[in-house]
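S.K.: One structure, as structure tokens, below. Some questions next.
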There are 2 protein chains.
Amino acid sequence: MVEKRKPIKVVEAMKRIMAFSKHGRIEYVPLEDSYGHFLGQDLIADHDVPFFDRSPYDGFAIRAEDTVNANRNNPVSFEVIGEIGAGSVFNEPVGKNQAVRIMTGAQIPESCNAVVMLELANEYTKDGKPYFDLKRKSKVGENISFTGEDTKKGTVLATKGTYINPGIVALLATFGYKNVPVSSKPKIGIIATGSELLEVDQPLEPGKIRNSNAYMVQAQVKRAGGEPIYFGQFSDDFETCFYQVKEALEKVDFLITTGGVSVGDYDYLPDIYEKLGANVLFNKIAMRPGSVTTVAELDGKILFGLSGNPSACYVGFELFTRPTIREYLFVEKSFLKKEIAILGKDFTKANPFDRFVRGYLGYENGRLVASPIGLDKSNVVSSLGHADILIQLPGGTRGYEKGMEVSVILLEDQEGTTLDGFVESDINTRRSMRHV
Amino acid sequence: MVEKRKPIKVVEAMKRIMAFSKHGRIEYVPLEDSYGHFLGQDLIADHDVPFFDRSPYDGFAIRAEDTVNANRNNPVSFEVIGEIGAGSVFNEPVGKNQAVRIMTGAQIPESCNAVVMLELANEYTKDGKPYFDLKRKSKVGENISFTGEDTKKGTVLATKGTYINPGIVALLATFGYKNVPVSSKPKIGIIATGSELLEVDQPLEPGKIRNSNAYMVQAQVKRAGGEPIYFGQFSDDFETCFYQVKEALEKVDFLITTGGVSVGDYDYLPDIYEKLGANVLFNKIAMRPGSVTTVAELDGKILFGLSGNPSACYVGFELFTRPTIREYLFVEKSFLKKEIAILGKDFTKANPFDRFVRGYLGYENGRLVASPIGLDKSNVVSSLGHADILIQLPGGTRGYEKGMEVSVILLEDQEGTTLDGFVESDINTRRSMRHV
């Protein structure tokens with residue numbers, strides 16, 4: 001007798017999981033190792049930028065008042081009394097009709113209040129001393145970048161949870177973060193189930209396939225920002241299984257199982273959840289693939305029961321596990337970004353449920369074009385490696401034709417969106433909003 | 001007296017560097033560590049997929065010939081003589097009007113040649129034995145996935161140089177790559193120059209700034225797929241400098257210096273290249289920022305003299321160093337992908353040279369929108385972390401207005417393009433091709 005499960009909507013499933021999301025701790029890593037982590041605290045300017053009044057150009061620092069009479073017919077002469085390289089400081093007084101050669105980025109001398117660009121100065125030498133003529137007036141403050149004009153000390157330059165890319169690394173260096181506060185990575189346990197599974201180095205035999213989900217999910221965990229811990233394949237014995245799950249749970253922040261969530265004799269997970277006393281949040285979702293995806297919670301730890309089918313496993317991870325990992329990392333926009341694209345190929349299969357199809361993103365004159373993967377059987381396997389989007393096709397009675405607008409979820413995106421944003425950026429939501 | 005340098009075109013600079021590109025070695029890493037590496041060899045199917053005739057559905061395996069008389073008014077009865085779970089094999093003969101319950105993915109029994117989907121079988125029990133009735137004909141081969149129909153043994157599923165994402169990891173697992181041949185990462189030496197530079201943990205002082213380029217470039221090297229080796233900041237003494245560069249060169253595949261390439265008293269690099277006997281490929285490029293970017297070659301090792309200006313340093317790396325790293329990793333499409341986007345803000349500054357502006361990519365109803373960073377001074381610093389594109393604005397006498405089409409180079413893209421593709425995807429090239 002088959003257990004009857006009640007499917008819930010994808011967004012409802014996301015909400016139920018998010019109710020149990022939690023944050024990690026703050027750890028410190030050396031600046032040079034911070035790339036790819038997430039900020040554990042706001043990144044704050046520890047000083048004004050610029051830190052001193054500086055020259056944005058190569059030129060001559062002068063006193064603007066000495067130029068009041070300068071014009072095309074009346075050039076004013078300046079004596080060059082020194083030079084300021086980047087990093088050095090000119091501390092002597094600069095008097096009437098005197099100037100100091102200044103390099104880009106160098107500090108303006110105390111007595112000066114303007115910079116003349118190199119191109120406007122007619123340089124010459126007289127009695128072995130350097131001079132230049134100037135044929136126009138300078139205003140006070142001209143060609144000076146003033147202290148704090150770019151950024152005031154104390155400004156938040158990137159918020160907690162920001163992905164640390166090379167630009168963020170540059171900011172961290174600029175503001176003295178020799179050690180960087182980053183979010184601790186959640187430990188994500190992974191257990192593979194399925195009596196048909198062979199280990200990767202085992203020779204193939206009739207009826208069996210090699211275990212690919214466990215390795216795929218480890219890579220997905222890393223891409224999401226977590227630390228995978230692989231516990232290996234399940235035992236075939238229920239009691240052993242139960243203790244494997246119980247022990248693994250103690251060592252991790254979240255636990256992923258692949259397979260074993262259908263309603264069959266070989267699917268132990270529902271019974272294990274029951275024996276653990278776990279709170280099953282849902283065990284059926286109105287989506288394809290991955291309708292049997294099951295998520296439970298025990299003592300604040302989320303157990304993700306992903307499908308054993310590779311596509312379903314992949315999609316279930318990105319929709320449900322990834323946001324949990326990102327939340328843990330303090331990422332505010334913890335869901336994958338969703339955008340509108342043009343469907344690049346017909347997808348004629350109608351489906352009553354929302355469908356999430358692995359695809360790849362192309363561009364045509366600035367428009368996003370989404371092509372589903374695995375429509376032709378011969379390409380199923382080989383094109384998996386090219387997937388960089390999930391194409392979300394709402395359930396309905398008809399298929400989808402090339403050229404139609406569809407929602408695409410960007411798998412390689414680091415910026416993300418909130419759960420509300422995920423819903424609002426849905427093409428159906430956008431359409432209904434247009435009609436309001 | 002200022003040395004006169006002759007600027008060359010960006011693409012010409014790329015070509016000169018590519019003439020000295022080289023490939024790395026092949027190394028093996030465990031499958032679970034392969035994510036983020038690049039394939040060092042083609043990924044080849046070591047077996048047919050499926051490996052055996054299997055059922056794509058839950059159902060009953062039967063002999064099609066037993067269904068020839070079945071129709072709505074004449075159901076045919078089948079006795080269910082066994083069950084095949086995923087991973088197990090049914091080796092007994094299946095006779096006339098007998099059937100075997102079969103799970104998704106399981107192997108078709110030798111004597112059977114069709115599968116009846118579960119929904120079409122009316123199950124019942126008679127004398128304690130399981131039976132079902134069938135009201136329609138089955139064709140030979142119906143609902144069977146045949147050996148090799150997805151992928152033939154020997155098929156190349158991903159070529160050498162492919163970035164290993166979670167989908168590729170799944171393929172590697174499926175085809176038995178317990179250890180994965182990956183491209184060895186090039187060792188990229190980094191030396192920072194500039195007497196204005198303070199180390200990150202030094203307190204600020206007048207005239208000085210903290211060294212951010214060295215850390216930024218280390219992150220860029222990692223993003224590109226290389227292994228950064230930071231040699232620290234240059235000495236202020238020419239002889240010491242010279243030996244620092246010479247020694248560093250012996251330990252790396254390529255060397256990056258930041259700063260010191262302008263024509264000034266503090267810019268040692270030109271003299272160091274000369275003393276090393278290095279072949280200077282160019283020392284001026286018709287672009288902004290980064291016109292002083294200098295690249296030299298010595299005994300097959302490329303020396304990248306990037307500008308000390310942070311934006312110029314960033315851009316110079318992505319345009320010139322990154323492709324060299326990708327080539328080393330066997331990546332065919334070693335240049336960053338270039339696409340067309342709509343300019344999101346005015347960029348009014350006209351420039352005789354090509355300009356590469358850091359920006360970020362947005363989407364508006366499926367169209368790419370490129371917004372330059374750092375137009376407003378107050379945002380220069382804080383928005384650097386958001387840059388995910390370079391906006392390429394061809395040199396000319398006018399600025400660019402919001403809504404115009406521009407070329408954008410995608411910084412976070414893993415797919416890339418070839419040098420020819422880089423040129424062809426340029427908006428100017430596209431326009432002129434349209435007119436042909």
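By order in the structure tokens, chains are A, B, ...; within a chain, residues start at 1; ligands start at 1, following the order shown.
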Would you mind listing, as an MDAnalysis selection string, all residues of chain B that have at least one atom within 6 Å of chain A, where only C-alpha atoms are what counts?
M.R.: chainID B and resid 35 86:89 106:107 150:151 157 166:170 173:174 176 178 195:196 200:201 207:208 210 212 216 219:220 340:341 365:368 377:378 382 384:385
S.K.: Quick one: of B:Thr321, B:Gln392, B:Ser307, B:Ser262, who's nearest to Ala224 in chain B, counting only C-alpha atoms?
M.R.: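 Between B:Thr321, B:Gln392, B:Ser307, B:Ser262, the residue approaching Ala224 in chain B most closely is B:Thr321.
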S.K.: Need the shell around Lys22 in chain B: protein/DNA/RNA residues with any atom at most 8 Å away, counting only C-alpha atoms. Skip same-chain ones fewer than 6 positions apart. Format as a list of chain:residue names?
M.R.: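 Near neighbours after the sequence-gap exclusion: B:Thr324, B:Glu327, B:Tyr328.
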S.K.: Would you please work out which residue, of A:Phe254, A:Phe146, A:Phe60, A:Phe335, is nearest to Phe422 in chain A when using only C-alpha atoms?
M.R.: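 So, comparing all the options, the nearest one is A:Phe335.
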S.K.: Using the chain letters and numbers from this document, which residues of range 217-406 of chain B does DSSP assign to alpha helix (DSSP H), as a PDB file with N, CA, C and O atoms, in the first residue's frame?
M.R.:
```pdb
ATOM      1  N   VAL B 217      45.618  41.447  -6.531  1.00  0.00           N
ATOM      2  CA  VAL B 217      46.125  40.616  -7.626  1.00  0.00           C
ATOM      3  C   VAL B 217      46.226  39.145  -7.200  1.00  0.00           C
ATOM      4  O   VAL B 217      45.953  38.247  -7.994  1.00  0.00           O
ATOM      5  N   GLN B 218      46.573  38.896  -5.944  1.00  0.00           N
ATOM      6  CA  GLN B 218      46.592  37.502  -5.483  1.00  0.00           C
ATOM      7  C   GLN B 218      45.209  36.862  -5.653  1.00  0.00           C
ATOM      8  O   GLN B 218      45.079  35.717  -6.083  1.00  0.00           O
ATOM      9  N   ALA B 219      44.158  37.634  -5.308  1.00  0.00           N
ATOM     10  CA  ALA B 219      42.791  37.115  -5.455  1.00  0.00           C
ATOM     11  C   ALA B 219      42.445  36.937  -6.936  1.00  0.00           C
ATOM     12  O   ALA B 219      41.798  35.961  -7.319  1.00  0.00           O
ATOM     13  N   GLN B 220      42.900  37.872  -7.769  1.00  0.00           N
ATOM     14  CA  GLN B 220      42.632  37.747  -9.213  1.00  0.00           C
ATOM     15  C   GLN B 220      43.323  36.506  -9.785  1.00  0.00           C
ATOM     16  O   GLN B 220      42.766  35.810 -10.632  1.00  0.00           O
ATOM     17  N   VAL B 221      44.536  36.237  -9.321  1.00  0.00           N
ATOM     18  CA  VAL B 221      45.264  35.049  -9.776  1.00  0.00           C
ATOM     19  C   VAL B 221      44.479  33.795  -9.404  1.00  0.00           C
ATOM     20  O   VAL B 221      44.287  32.890 -10.231  1.00  0.00           O
ATOM     21  N   LYS B 222      43.970  33.759  -8.166  1.00  0.00           N
ATOM     22  CA  LYS B 222      43.187  32.585  -7.748  1.00  0.00           C
ATOM     23  C   LYS B 222      41.926  32.444  -8.592  1.00  0.00           C
ATOM     24  O   LYS B 222      41.575  31.351  -9.018  1.00  0.00           O
ATOM     25  N   ARG B 223      41.238  33.568  -8.822  1.00  0.00           N
ATOM     26  CA  ARG B 223      40.016  33.498  -9.624  1.00  0.00           C
ATOM     27  C   ARG B 223      40.318  32.991 -11.022  1.00  0.00           C
ATOM     28  O   ARG B 223      39.542  32.246 -11.611  1.00  0.00           O
ATOM     29  N   ALA B 224      41.465  33.375 -11.566  1.00  0.00           N
ATOM     30  CA  ALA B 224      41.829  32.958 -12.927  1.00  0.00           C
ATOM     31  C   ALA B 224      42.251  31.493 -12.964  1.00  0.00           C
ATOM     32  O   ALA B 224      42.224  30.861 -14.017  1.00  0.00           O
ATOM     33  N   PHE B 238      68.050  50.113  -6.402  1.00  0.00           N
ATOM     34  CA  PHE B 238      67.947  49.490  -7.711  1.00  0.00           C
ATOM     35  C   PHE B 238      68.594  48.110  -7.772  1.00  0.00           C
ATOM     36  O   PHE B 238      68.014  47.149  -8.275  1.00  0.00           O
ATOM     37  N   GLU B 239      69.818  47.999  -7.226  1.00  0.00           N
ATOM     38  CA  GLU B 239      70.542  46.721  -7.316  1.00  0.00           C
ATOM     39  C   GLU B 239      69.780  45.609  -6.585  1.00  0.00           C
ATOM     40  O   GLU B 239      69.649  44.500  -7.083  1.00  0.00           O
ATOM     41  N   THR B 240      69.279  45.957  -5.396  1.00  0.00           N
ATOM     42  CA  THR B 240      68.528  44.980  -4.611  1.00  0.00           C
ATOM     43  C   THR B 240      67.280  44.540  -5.377  1.00  0.00           C
ATOM     44  O   THR B 240      66.978  43.350  -5.497  1.00  0.00           O
ATOM     45  N   CYS B 241      66.583  45.536  -5.906  1.00  0.00           N
ATOM     46  CA  CYS B 241      65.425  45.298  -6.765  1.00  0.00           C
ATOM     47  C   CYS B 241      65.727  44.297  -7.852  1.00  0.00           C
ATOM     48  O   CYS B 241      64.987  43.351  -8.076  1.00  0.00           O
ATOM     49  N   PHE B 242      66.801  44.581  -8.546  1.00  0.00           N
ATOM     50  CA  PHE B 242      67.177  43.760  -9.691  1.00  0.00           C
ATOM     51  C   PHE B 242      67.326  42.294  -9.275  1.00  0.00           C
ATOM     52  O   PHE B 242      66.805  41.386  -9.914  1.00  0.00           O
ATOM     53  N   TYR B 243      68.030  42.077  -8.149  1.00  0.00           N
ATOM     54  CA  TYR B 243      68.233  40.694  -7.715  1.00  0.00           C
ATOM     55  C   TYR B 243      66.942  40.062  -7.192  1.00  0.00           C
ATOM     56  O   TYR B 243      66.723  38.862  -7.326  1.00  0.00           O
ATOM     57  N   GLN B 244      66.071  40.897  -6.618  1.00  0.00           N
ATOM     58  CA  GLN B 244      64.768  40.375  -6.180  1.00  0.00           C
ATOM     59  C   GLN B 244      63.974  39.823  -7.365  1.00  0.00           C
ATOM     60  O   GLN B 244      63.404  38.746  -7.307  1.00  0.00           O
ATOM     61  N   VAL B 245      63.948  40.597  -8.462  1.00  0.00           N
ATOM     62  CA  VAL B 245      63.222  40.158  -9.655  1.00  0.00           C
ATOM     63  C   VAL B 245      63.874  38.908 -10.222  1.00  0.00           C
ATOM     64  O   VAL B 245      63.204  37.923 -10.558  1.00  0.00           O
ATOM     65  N   LYS B 246      65.178  38.916 -10.311  1.00  0.00           N
ATOM     66  CA  LYS B 246      65.929  37.801 -10.891  1.00  0.00           C
ATOM     67  C   LYS B 246      65.680  36.505 -10.096  1.00  0.00           C
ATOM     68  O   LYS B 246      65.416  35.450 -10.678  1.00  0.00           O
ATOM     69  N   GLU B 247      65.742  36.625  -8.781  1.00  0.00           N
ATOM     70  CA  GLU B 247      65.525  35.444  -7.938  1.00  0.00           C
ATOM     71  C   GLU B 247      64.083  34.953  -8.021  1.00  0.00           C
ATOM     72  O   GLU B 247      63.817  33.759  -8.095  1.00  0.00           O
ATOM     73  N   ALA B 248      63.130  35.891  -7.987  1.00  0.00           N
ATOM     74  CA  ALA B 248      61.713  35.523  -8.048  1.00  0.00           C
ATOM     75  C   ALA B 248      61.422  34.778  -9.345  1.00  0.00           C
ATOM     76  O   ALA B 248      60.713  33.768  -9.352  1.00  0.00           O
ATOM     77  N   LEU B 249      62.013  35.265 -10.431  1.00  0.00           N
ATOM     78  CA  LEU B 249      61.768  34.667 -11.745  1.00  0.00           C
ATOM     79  C   LEU B 249      62.103  33.179 -11.780  1.00  0.00           C
ATOM     80  O   LEU B 249      61.473  32.411 -12.496  1.00  0.00           O
ATOM     81  N   GLU B 250      63.113  32.795 -11.002  1.00  0.00           N
ATOM     82  CA  GLU B 250      63.520  31.390 -11.014  1.00  0.00           C
ATOM     83  C   GLU B 250      62.521  30.477 -10.337  1.00  0.00           C
ATOM     84  O   GLU B 250      62.530  29.271 -10.542  1.00  0.00           O
ATOM     85  N   LYS B 251      61.646  31.064  -9.526  1.00  0.00           N
ATOM     86  CA  LYS B 251      60.722  30.241  -8.731  1.00  0.00           C
ATOM     87  C   LYS B 251      59.309  30.190  -9.302  1.00  0.00           C
ATOM     88  O   LYS B 251      58.432  29.575  -8.706  1.00  0.00           O
ATOM     89  N   LEU B 269      61.400  49.516 -13.322  1.00  0.00           N
ATOM     90  CA  LEU B 269      61.166  48.332 -14.145  1.00  0.00           C
ATOM     91  C   LEU B 269      61.810  48.392 -15.527  1.00  0.00           C
ATOM     92  O   LEU B 269      62.455  47.429 -15.939  1.00  0.00           O
ATOM     93  N   PRO B 270      61.669  49.518 -16.255  1.00  0.00           N
ATOM     94  CA  PRO B 270      62.301  49.556 -17.581  1.00  0.00           C
ATOM     95  C   PRO B 270      63.792  49.224 -17.514  1.00  0.00           C
ATOM     96  O   PRO B 270      64.299  48.453 -18.344  1.00  0.00           O
ATOM     97  N   ASP B 271      64.494  49.750 -16.519  1.00  0.00           N
ATOM     98  CA  ASP B 271      65.930  49.482 -16.398  1.00  0.00           C
ATOM     99  C   ASP B 271      66.199  48.036 -15.998  1.00  0.00           C
ATOM    100  O   ASP B 271      67.191  47.437 -16.419  1.00  0.00           O
ATOM    101  N   ILE B 272      65.313  47.496 -15.192  1.00  0.00           N
ATOM    102  CA  ILE B 272      65.490  46.092 -14.772  1.00  0.00           C
ATOM    103  C   ILE B 272      65.314  45.159 -15.975  1.00  0.00           C
ATOM    104  O   ILE B 272      66.084  44.220 -16.168  1.00  0.00           O
ATOM    105  N   TYR B 273      64.288  45.431 -16.781  1.00  0.00           N
ATOM    106  CA  TYR B 273      64.103  44.616 -17.995  1.00  0.00           C
ATOM    107  C   TYR B 273      65.376  44.649 -18.842  1.00  0.00           C
ATOM    108  O   TYR B 273      65.834  43.646 -19.361  1.00  0.00           O
ATOM    109  N   GLU B 274      65.940  45.849 -18.965  1.00  0.00           N
ATOM    110  CA  GLU B 274      67.122  46.011 -19.804  1.00  0.00           C
ATOM    111  C   GLU B 274      68.302  45.219 -19.237  1.00  0.00           C
ATOM    112  O   GLU B 274      68.970  44.477 -19.950  1.00  0.00           O
ATOM    113  N   LYS B 275      68.512  45.349 -17.929  1.00  0.00           N
ATOM    114  CA  LYS B 275      69.639  44.664 -17.294  1.00  0.00           C
ATOM    115  C   LYS B 275      69.468  43.149 -17.320  1.00  0.00           C
ATOM    116  O   LYS B 275      70.446  42.400 -17.391  1.00  0.00           O
ATOM    117  N   LEU B 276      68.196  42.696 -17.260  1.00  0.00           N
ATOM    118  CA  LEU B 276      67.927  41.249 -17.335  1.00  0.00           C
ATOM    119  C   LEU B 276      68.156  40.715 -18.751  1.00  0.00           C
ATOM    120  O   LEU B 276      68.303  39.511 -18.950  1.00  0.00           O
ATOM    121  N   PRO B 310      45.399  51.263  -8.889  1.00  0.00           N
ATOM    122  CA  PRO B 310      44.601  50.061  -8.640  1.00  0.00           C
ATOM    123  C   PRO B 310      43.668  49.669  -9.793  1.00  0.00           C
ATOM    124  O   PRO B 310      43.587  48.498 -10.162  1.00  0.00           O
ATOM    125  N   SER B 311      42.965  50.629 -10.397  1.00  0.00           N
ATOM    126  CA  SER B 311      42.066  50.294 -11.504  1.00  0.00           C
ATOM    127  C   SER B 311      42.854  49.762 -12.684  1.00  0.00           C
ATOM    128  O   SER B 311      42.475  48.775 -13.318  1.00  0.00           O
ATOM    129  N   ALA B 312      43.958  50.419 -12.996  1.00  0.00           N
ATOM    130  CA  ALA B 312      44.782  50.024 -14.137  1.00  0.00           C
ATOM    131  C   ALA B 312      45.392  48.652 -13.898  1.00  0.00           C
ATOM    132  O   ALA B 312      45.491  47.821 -14.811  1.00  0.00           O
ATOM    133  N   CYS B 313      45.770  48.402 -12.671  1.00  0.00           N
ATOM    134  CA  CYS B 313      46.349  47.120 -12.295  1.00  0.00           C
ATOM    135  C   CYS B 313      45.316  46.002 -12.487  1.00  0.00           C
ATOM    136  O   CYS B 313      45.584  44.956 -13.079  1.00  0.00           O
ATOM    137  N   TYR B 314      44.106  46.271 -12.000  1.00  0.00           N
ATOM    138  CA  TYR B 314      43.001  45.308 -12.095  1.00  0.00           C
ATOM    139  C   TYR B 314      42.708  44.984 -13.557  1.00  0.00           C
ATOM    140  O   TYR B 314      42.635  43.827 -13.948  1.00  0.00           O
ATOM    141  N   VAL B 315      42.543  46.028 -14.360  1.00  0.00           N
ATOM    142  CA  VAL B 315      42.189  45.859 -15.775  1.00  0.00           C
ATOM    143  C   VAL B 315      43.320  45.165 -16.535  1.00  0.00           C
ATOM    144  O   VAL B 315      43.083  44.242 -17.317  1.00  0.00           O
ATOM    145  N   GLY B 316      44.543  45.608 -16.291  1.00  0.00           N
ATOM    146  CA  GLY B 316      45.693  45.002 -16.967  1.00  0.00           C
ATOM    147  C   GLY B 316      45.779  43.519 -16.692  1.00  0.00           C
ATOM    148  O   GLY B 316      46.040  42.708 -17.589  1.00  0.00           O
ATOM    149  N   ARG B 322      45.302  37.138 -17.184  1.00  0.00           N
ATOM    150  CA  ARG B 322      44.340  36.048 -17.074  1.00  0.00           C
ATOM    151  C   ARG B 322      44.385  35.075 -18.256  1.00  0.00           C
ATOM    152  O   ARG B 322      44.434  33.855 -18.052  1.00  0.00           O
ATOM    153  N   PRO B 323      44.354  35.575 -19.520  1.00  0.00           N
ATOM    154  CA  PRO B 323      44.388  34.631 -20.646  1.00  0.00           C
ATOM    155  C   PRO B 323      45.647  33.752 -20.627  1.00  0.00           C
ATOM    156  O   PRO B 323      45.596  32.591 -21.025  1.00  0.00           O
ATOM    157  N   THR B 324      46.752  34.310 -20.166  1.00  0.00           N
ATOM    158  CA  THR B 324      47.991  33.549 -20.107  1.00  0.00           C
ATOM    159  C   THR B 324      47.864  32.407 -19.095  1.00  0.00           C
ATOM    160  O   THR B 324      48.333  31.293 -19.327  1.00  0.00           O
ATOM    161  N   ILE B 325      47.212  32.696 -17.975  1.00  0.00           N
ATOM    162  CA  ILE B 325      46.976  31.666 -16.953  1.00  0.00           C
ATOM    163  C   ILE B 325      46.058  30.580 -17.524  1.00  0.00           C
ATOM    164  O   ILE B 325      46.320  29.384 -17.393  1.00  0.00           O
ATOM    165  N   ARG B 326      44.996  31.003 -18.181  1.00  0.00           N
ATOM    166  CA  ARG B 326      44.051  30.022 -18.737  1.00  0.00           C
ATOM    167  C   ARG B 326      44.703  29.159 -19.827  1.00  0.00           C
ATOM    168  O   ARG B 326      44.441  27.965 -19.912  1.00  0.00           O
ATOM    169  N   GLU B 327      45.531  29.774 -20.653  1.00  0.00           N
ATOM    170  CA  GLU B 327      46.257  28.996 -21.674  1.00  0.00           C
ATOM    171  C   GLU B 327      47.098  27.917 -20.995  1.00  0.00           C
ATOM    172  O   GLU B 327      47.135  26.771 -21.449  1.00  0.00           O
ATOM    173  N   TYR B 328      47.761  28.285 -19.936  1.00  0.00           N
ATOM    174  CA  TYR B 328      48.604  27.357 -19.188  1.00  0.00           C
ATOM    175  C   TYR B 328      47.774  26.167 -18.691  1.00  0.00           C
ATOM    176  O   TYR B 328      48.249  25.045 -18.626  1.00  0.00           O
TER     177      TYR B 328
END
```
S.K.: How would you write, as a PyMOL selection string, the set of residues in range 264-402 of chain B that DSSP gives as strand (DSSP E)?
M.R.: chain B and resi 279-282+287-288+294-298+301-306+338-343+354-364+367-372+389-393
S.K.: Please identify all polymer residues within 8 Å of Phe282 in chain B, counting only C-alpha atoms, omitting same-chain residues fewer than 3 positions from it, and present them as a PyMOL selection string.
M.R.: chain B and resi 7-8+13+285+294-296
S.K.: Expressed in Å to a single decimal, how great is the separation between CA of Gly421 in chain A and CA of Val10 in chain A?
M.R.: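 Result for CA of Gly421 in chain A versus CA of Val10 in chain A: 14.4 Å, one decimal.
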S.K.: What's around Pro130 in chain B at 12 Å? Count only C-alpha atoms, leave out sequence neighbours fewer than 5 positions away in its own chain, and write the answer as a PyMOL selection string.
M.R.: chain B and resi 60+77-83+98-101+121-125
S.K.: For the selection you just gave me, I'd like the residues written to a file as a PDB file, in the first residue's frame, keeping N, CA and C atoms.
M.R.:
```
ATOM      1  N   PHE B  60       6.140  -2.954 -14.806  1.00  0.00           N
ATOM      2  CA  PHE B  60       6.260  -4.406 -14.916  1.00  0.00           C
ATOM      3  C   PHE B  60       6.977  -4.764 -16.209  1.00  0.00           C
ATOM      4  N   SER B  77      -4.276 -11.062 -18.603  1.00  0.00           N
ATOM      5  CA  SER B  77      -3.785 -11.198 -17.231  1.00  0.00           C
ATOM      6  C   SER B  77      -2.318 -11.593 -17.202  1.00  0.00           C
ATOM      7  N   PHE B  78      -1.584 -10.990 -16.253  1.00  0.00           N
ATOM      8  CA  PHE B  78      -0.185 -11.369 -16.044  1.00  0.00           C
ATOM      9  C   PHE B  78       0.021 -11.753 -14.580  1.00  0.00           C
ATOM     10  N   GLU B  79       0.799 -12.810 -14.374  1.00  0.00           N
ATOM     11  CA  GLU B  79       1.162 -13.204 -13.014  1.00  0.00           C
ATOM     12  C   GLU B  79       2.501 -12.543 -12.681  1.00  0.00           C
ATOM     13  N   VAL B  80       2.572 -11.912 -11.521  1.00  0.00           N
ATOM     14  CA  VAL B  80       3.824 -11.233 -11.130  1.00  0.00           C
ATOM     15  C   VAL B  80       4.686 -12.238 -10.373  1.00  0.00           C
ATOM     16  N   ILE B  81       5.790 -12.658 -11.000  1.00  0.00           N
ATOM     17  CA  ILE B  81       6.586 -13.743 -10.405  1.00  0.00           C
ATOM     18  C   ILE B  81       7.827 -13.251  -9.655  1.00  0.00           C
ATOM     19  N   GLY B  82       8.015 -11.953  -9.600  1.00  0.00           N
ATOM     20  CA  GLY B  82       9.197 -11.473  -8.876  1.00  0.00           C
ATOM     21  C   GLY B  82       9.286  -9.963  -8.899  1.00  0.00           C
ATOM     22  N   GLU B  83      10.356  -9.477  -8.320  1.00  0.00           N
ATOM     23  CA  GLU B  83      10.520  -8.036  -8.187  1.00  0.00           C
ATOM     24  C   GLU B  83      12.007  -7.706  -8.357  1.00  0.00           C
ATOM     25  N   GLN B  98       3.670 -14.006 -17.846  1.00  0.00           N
ATOM     26  CA  GLN B  98       4.307 -13.709 -16.565  1.00  0.00           C
ATOM     27  C   GLN B  98       4.939 -12.310 -16.636  1.00  0.00           C
ATOM     28  N   ALA B  99       5.127 -11.717 -15.476  1.00  0.00           N
ATOM     29  CA  ALA B  99       5.704 -10.359 -15.421  1.00  0.00           C
ATOM     30  C   ALA B  99       6.569 -10.225 -14.179  1.00  0.00           C
ATOM     31  N   VAL B 100       7.455  -9.253 -14.203  1.00  0.00           N
ATOM     32  CA  VAL B 100       8.301  -8.968 -13.045  1.00  0.00           C
ATOM     33  C   VAL B 100       8.148  -7.490 -12.689  1.00  0.00           C
ATOM     34  N   ARG B 101       7.859  -7.218 -11.429  1.00  0.00           N
ATOM     35  CA  ARG B 101       7.774  -5.826 -10.952  1.00  0.00           C
ATOM     36  C   ARG B 101       9.176  -5.236 -11.051  1.00  0.00           C
ATOM     37  N   ALA B 121      -1.406  -0.774 -15.202  1.00  0.00           N
ATOM     38  CA  ALA B 121      -1.642  -2.146 -14.750  1.00  0.00           C
ATOM     39  C   ALA B 121      -2.700  -2.146 -13.645  1.00  0.00           C
ATOM     40  N   ASN B 122      -3.773  -2.928 -13.830  1.00  0.00           N
ATOM     41  CA  ASN B 122      -4.793  -3.066 -12.781  1.00  0.00           C
ATOM     42  C   ASN B 122      -4.403  -4.244 -11.897  1.00  0.00           C
ATOM     43  N   GLU B 123      -3.813  -3.941 -10.753  1.00  0.00           N
ATOM     44  CA  GLU B 123      -3.286  -5.014  -9.901  1.00  0.00           C
ATOM     45  C   GLU B 123      -4.396  -5.675  -9.078  1.00  0.00           C
ATOM     46  N   TYR B 124      -4.230  -6.966  -8.868  1.00  0.00           N
ATOM     47  CA  TYR B 124      -5.153  -7.690  -7.969  1.00  0.00           C
ATOM     48  C   TYR B 124      -4.456  -8.946  -7.479  1.00  0.00           C
ATOM     49  N   THR B 125      -5.099  -9.593  -6.504  1.00  0.00           N
ATOM     50  CA  THR B 125      -4.525 -10.802  -5.923  1.00  0.00           C
ATOM     51  C   THR B 125      -5.500 -11.957  -6.136  1.00  0.00           C
TER      52      THR B 125
END
```
S.K.: Please indicate the distance in Å from CA of Arg358 in chain B to CA of Gly403 in chain B, rounded to one decimal place.
M.R.: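 Between CA of Arg358 in chain B and CA of Gly403 in chain B the gap works out to 17.6 Å.
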S.K.: Which residue gives the smallest distance to Glu332 in chain A among A:Arg25, A:Lys6, A:Lys345, A:Lys160, with only C-alpha atoms counted?
M.R.: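 So, comparing all the options, the nearest one is A:Lys160.
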